[in-house]
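Below is one structure, written out as structure tokens; comments come after it.
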Amino acid sequence: MSRNNIRSKKNIIFTIVIVVLTAAVAAGLLLFFSLYDFNHDYGSGSDQTLTTDVSSQYSSDSAEEHTSSAVTEFTQLDDPLLVLVNEEHKMPDSTDDGVVEQYGITLDSRALEAYGQMYQAAAQEGITLWIASGYRSPELQAQLYQQEIDMNMENGMTENEAVEAADRAVQKPGYSEHNTGLAMDFNTVTDSFKDTDTYAWLMEHAQEYGFILRYPEDKEDITGIMYEPWHFRYVGVEHAKKMNELNMCLEEYVEYVRSQQS
Ligand SMILES: [Zn+2]
């Protein structure tokens with residue numbers, strides 16, 4: 001009994017010591033952070049306030065200029081065949097105004113005409129081409145994107161996870177080259193397409209009709225898209241030949257053309 005008393009007294013003293021120590025540490029931390037915040041505000045904070053006040057009172061115009069020059073705005077080139085559409089660059093509205101449907105194929109009229117010629121030339125050499133996917137309207141793209149999100153959520157993802165996964169798998173409406181009518185997927189749309197005679201033929205002759213392999217294996221870092229042997233893009237004969245000669249993907253070529261113009 002007396003042992004128990006001593007033990008419980010010890011326990012009480014021990015508890016008191018802990019409480020006091022904790023309070024002291026907490027007070028110390030509180031003091032430290034309040035001093036730290038005070039110094040912080042006094043130092044850089046007041047400078048920032050001063051700068052903002054001066055610029056907003058006397059030079060709001062130059063402040064705006066400063067903001068817009070800090071963010072580099074991407075502008076499309078004047079040549080509509082060189083429209084750059086990727087994860088970062090949405091296609092301008094009405095880019096797909098020239099889309100037509102013929103023989104069950106829907107593409108930009110210029111791309112469709114060139115494809116018709118290429119198809120015939122290939123056929124004469126025993127090469128069979130077909131278009132698995134051509135133009136996709138931004139509305140259809142929106143449906144595909146939403147379907148992907150829905151499917152991911154049905155498979156147990158949270159909404160955020162589902163959107164993130166969809167962003168990796170499907171382009172947002174207006175951000176897919178297929179929305180322009182200038183891009184097409186050939187034949188099987190599989191990696192093994194690169195081992196076919198058709199692919200070899202395209203790599204040799206597509207440029208003669210104005211088509212380029214849009215996502216080459218050695219440009220993944222620049223295009224941000226994995227090598228897609230089946231996905232070709234119409235840019236016109238002149239640009240296609242020049243791009244292959246310079247070994248440039250569209251992202252590089254657009255900047256190259258811009259540098260030549262300025
Ligand atoms: Zn494609």
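Quick note on naming: the chains in the structure tokens go A, B, ... in the order shown, residues restart at 1 in each chain, and ligands are numbered from 1 in order of appearance.
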
Counting only C-alpha atoms and all ligand atoms, name the residues that have an atom within 8 Å of an atom of ligand 1; the answer should be given as a compact mmCIF listing (two decimals) with C-alpha atoms, in the first residue's frame.
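Writing the result to result-v7.txt gives the following:
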```txt
# COMPACT_ATOMS: atom_id res chain seq x y z
CA SER A 133 -8.75 7.47 -87.34
CA GLY A 134 -8.87 10.81 -89.09
CA GLU A 177 -4.10 16.97 -83.62
CA HIS A 178 -7.02 14.84 -84.77
CA ALA A 183 -3.69 14.20 -88.69
CA MET A 184 -4.46 10.55 -89.27
CA ASP A 185 -3.72 7.15 -87.80
CA GLU A 228 3.57 6.53 -82.64
CA TRP A 230 0.93 5.05 -87.15
CA HIS A 231 0.22 8.77 -86.62
CA PHE A 232 1.00 11.06 -89.56
```

Next on the checklist: According to DSSP computed on the backbone, where in segment 104-258 of chain A is there strand (DSSP E)? Give the residues as a PyMOL selection string.
Outcome noted: chain A and resi 105-108+131-133+183-186+211-213+231-234

Save the residues we just selected, N, CA and C atoms, as a short mmCIF file (atom, residue, chain, number, x, y, z; two decimals), in the first residue's frame?
```
data_model
loop_
_atom_site.label_atom_id
_atom_site.label_comp_id
_atom_site.auth_asym_id
_atom_site.auth_seq_id
_atom_site.Cartn_x
_atom_site.Cartn_y
_atom_site.Cartn_z
N ILE A 105 -14.12 8.92 -95.39
CA ILE A 105 -12.95 9.45 -94.67
C ILE A 105 -13.20 10.93 -94.38
N THR A 106 -12.96 11.33 -93.16
CA THR A 106 -13.15 12.73 -92.80
C THR A 106 -11.81 13.35 -92.43
N LEU A 107 -11.42 14.33 -93.25
CA LEU A 107 -10.13 15.01 -93.06
C LEU A 107 -10.24 16.43 -93.59
N ASP A 108 -9.26 17.24 -93.30
CA ASP A 108 -9.11 18.54 -93.95
C ASP A 108 -9.02 18.28 -95.46
N ILE A 131 -7.19 4.43 -93.28
CA ILE A 131 -7.18 5.37 -92.17
C ILE A 131 -8.06 4.84 -91.04
N ALA A 132 -7.42 4.53 -89.93
CA ALA A 132 -8.16 4.02 -88.78
C ALA A 132 -8.84 5.15 -88.03
N SER A 133 -8.19 6.32 -88.05
CA SER A 133 -8.75 7.47 -87.34
C SER A 133 -8.27 8.75 -88.01
N ALA A 183 -4.43 15.37 -89.19
CA ALA A 183 -3.69 14.20 -88.69
C ALA A 183 -4.49 12.93 -88.91
N MET A 184 -3.77 11.83 -89.05
CA MET A 184 -4.46 10.55 -89.27
C MET A 184 -3.64 9.40 -88.70
N ASP A 185 -4.36 8.38 -88.26
CA ASP A 185 -3.72 7.15 -87.80
C ASP A 185 -3.90 6.10 -88.88
N PHE A 186 -2.80 5.48 -89.29
CA PHE A 186 -2.88 4.48 -90.35
C PHE A 186 -3.04 3.05 -89.82
N PHE A 211 3.15 14.48 -96.06
CA PHE A 211 2.90 13.91 -94.72
C PHE A 211 4.22 13.66 -93.98
N ILE A 212 4.16 13.84 -92.68
CA ILE A 212 5.32 13.53 -91.83
C ILE A 212 4.90 12.62 -90.67
N LEU A 213 5.86 11.82 -90.24
CA LEU A 213 5.66 11.06 -89.00
C LEU A 213 5.68 12.08 -87.87
N HIS A 231 0.84 7.42 -86.59
CA HIS A 231 0.22 8.77 -86.62
C HIS A 231 1.02 9.70 -87.53
N PHE A 232 0.37 10.14 -88.61
CA PHE A 232 1.00 11.06 -89.56
C PHE A 232 0.24 12.38 -89.61
N ARG A 233 0.95 13.39 -90.03
CA ARG A 233 0.38 14.74 -90.04
C ARG A 233 0.64 15.37 -91.40
N TYR A 234 -0.38 16.01 -91.94
CA TYR A 234 -0.22 16.72 -93.21
C TYR A 234 0.32 18.12 -92.96
#
```

Next on the checklist: I'd like the neighbourhood of Pro173 of chain A as a list in words, where a residue qualifies if any of its atoms comes within 6 Å (using only C-alpha atoms), though same-chain residues fewer than 3 positions away should be ignored.
Outcome noted: Pro138, Gln141 and Ala142 of chain A

Export of the given selection (N, CA and C atoms) as a PDB file, in the first residue's frame:
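Written output follows (result18.pdb):
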```pdb
ATOM      1  N   PRO A 138     -13.958  18.411 -81.916  1.00  0.00           N
ATOM      2  CA  PRO A 138     -13.706  18.706 -80.502  1.00  0.00           C
ATOM      3  C   PRO A 138     -14.815  18.150 -79.597  1.00  0.00           C
ATOM      4  N   GLN A 141     -14.035  14.605 -79.111  1.00  0.00           N
ATOM      5  CA  GLN A 141     -12.865  14.541 -78.226  1.00  0.00           C
ATOM      6  C   GLN A 141     -13.297  14.716 -76.774  1.00  0.00           C
ATOM      7  N   ALA A 142     -14.248  15.634 -76.562  1.00  0.00           N
ATOM      8  CA  ALA A 142     -14.762  15.869 -75.209  1.00  0.00           C
ATOM      9  C   ALA A 142     -15.441  14.617 -74.673  1.00  0.00           C
TER      10      ALA A 142
END
```

Next on the checklist: For the structure I just gave you, how does DSSP split segment 176-239 of chain A - specifically, which residues are helix (DSSP H, G or I)? Reply as a PyMOL selection string.
Outcome noted: chain A and resi 177-180+191-195+197-209+217-223+237-239
